[in-house]
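I have placed the structure first, in the form of structure tokens, so that the comments after it can refer back to it.
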Amino acid sequence: MATQKRSIPLASIAKAEDSRSVLDVFDNPYVNRAFEDSSIPLSKVAGSGSGTIHSTLLLFGISLAVSQEPSVTDTILQVEFGVAQGGGGDPVQLSSAGLLTFNQAMTVEIIFRGQFGRSGSGGVVIIHGRSLFNGSAGLPTFVTKLVNTNNLIHLESGDIIDVEATDTFAVQIYRDSNGTNAGGLFKETASLVGWADAPSATIEVRQIEVL
């Protein structure tokens, strides 16, 4: 994968001690995340505290699964993001089961995108989701309710966090027993030739630095 970078001169926005966050700096169309309140101030970003803020794409995982659905209600499913990527010599690696493992200390932005849907059955489907950092729930959980059959809702969430070598990150979902036992993450196939399909889930990891 070719390295992709976004950058903005720090001098044009704020001093290093500015209380605004990196998410504030990388405003739309760069960043529009669900967890903006969990962001960190510019002074916390690794680097010299002056110069340019860089956002470098380290990894992008895409699930090839037609669907990712928990087997029954109140049963957790770990979301997968396609084939394994990277190794111990890379800043971050992804397992085929959807586990991110970081191999060096750095500040990263992790962005999860999912297509939540259902088919068949009546009633309301309730699907909860969360992220796990080193095996423990860290960020706010999220939930979607699907009232009609064939509903499909795109959800995107992310946060900027400091990681150390051996830290891990994963996303989990489950169907709540207060709702109907149906639904999960679904791939949507485009009928127009040349138009890419919408995957059931993707994961994006970017390193944030001040250089």
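Every chain in the structure tokens has a letter given in the order shown (A, B, ...), and although residue numbers restart at 1 in each chain, ligands are simply numbered from 1 in the order shown.
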Selection: 9 Å around A:Asp197, only C-alpha atoms, excl. self and same-chain fewer than 3 positions, as a PyMOL selection string: chain A and resi 187-191
Near A:Phe142, counting only C-alpha atoms, which residues have an atom at most 8 Å away, once you skip same-chain residues fewer than 4 positions from it, shown as a PyMOL selection string? chain A and resi 128-130
Output the selection as a PDB file, in the first residue's frame - C-alpha atoms for each residue.
```pdb
ATOM      1  CA  HIS A 128     -24.549  -3.003  20.335  1.00  0.00           C
ATOM      2  CA  GLY A 129     -20.894  -2.396  19.562  1.00  0.00           C
ATOM      3  CA  ARG A 130     -17.715  -1.515  21.415  1.00  0.00           C
TER       4      ARG A 130
END
```
Just the number, please: distance in Å from atom CA of A:Ala65 to atom CA of A:Gly117, one decimal. 13.7 Å
Distance query A:Ser63 at most 8 Å, only C-alpha atoms, self and fewer than 3 positions along chain excluded, as a PyMOL selection string: chain A and resi 80-83+199-202
Top pick for closest residue to A:Val171, considering A:Asn148, A:Ser136, A:Thr75, A:Gln93 and counting only C-alpha atoms: A:Ser136
Just want the 8 Å neighbourhood of A:Leu139, counted on only C-alpha atoms, with same-chain residues fewer than 2 positions away dropped. Output as an MDAnalysis selection string. chainID A and resid 38 130:132 137 141
If we count only C-alpha atoms and set the cut-off at 6 Å, which residues sit around A:Glu109, ignoring sequence neighbours fewer than 6 positions away in its own chain? Please answer as a PyMOL selection string. chain A and resi 159-160+205-206
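Each of A:Ala182, A:Val143, A:Leu192, A:Ile111 was compared to A:Phe169 using only C-alpha atoms, and A:Ile111 turns out to be the nearest.
Taking only C-alpha atoms into account, A:Ser177 lies nearest to A:Gly123 out of the set A:Gly194, A:Gly87, A:Gly123, A:Gly158.
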Can you tell me, as a PyMOL selection string, what residues are no more than 12 Å from A:Gly89 when counting only C-alpha atoms, ignoring any on the same chain fewer than 4 positions away? chain A and resi 85+93+101-104+165
Requested write-out: C-alpha atoms of the selected residues, as a compact mmCIF listing (two decimals), in the first residue's frame:
```
# COMPACT_ATOMS: atom_id res chain seq x y z
CA GLN A 85 -1.60 -7.67 7.22
CA GLN A 93 -0.32 -5.50 12.19
CA THR A 101 -1.39 -5.33 17.43
CA PHE A 102 0.93 -2.33 17.74
CA ASN A 103 4.67 -2.90 17.59
CA GLN A 104 5.95 0.53 18.62
CA ALA A 165 4.43 -1.85 21.77
```
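As for atom CA of A:Val72 and atom CA of A:Asn178, they are spaced 12.2 Å apart.
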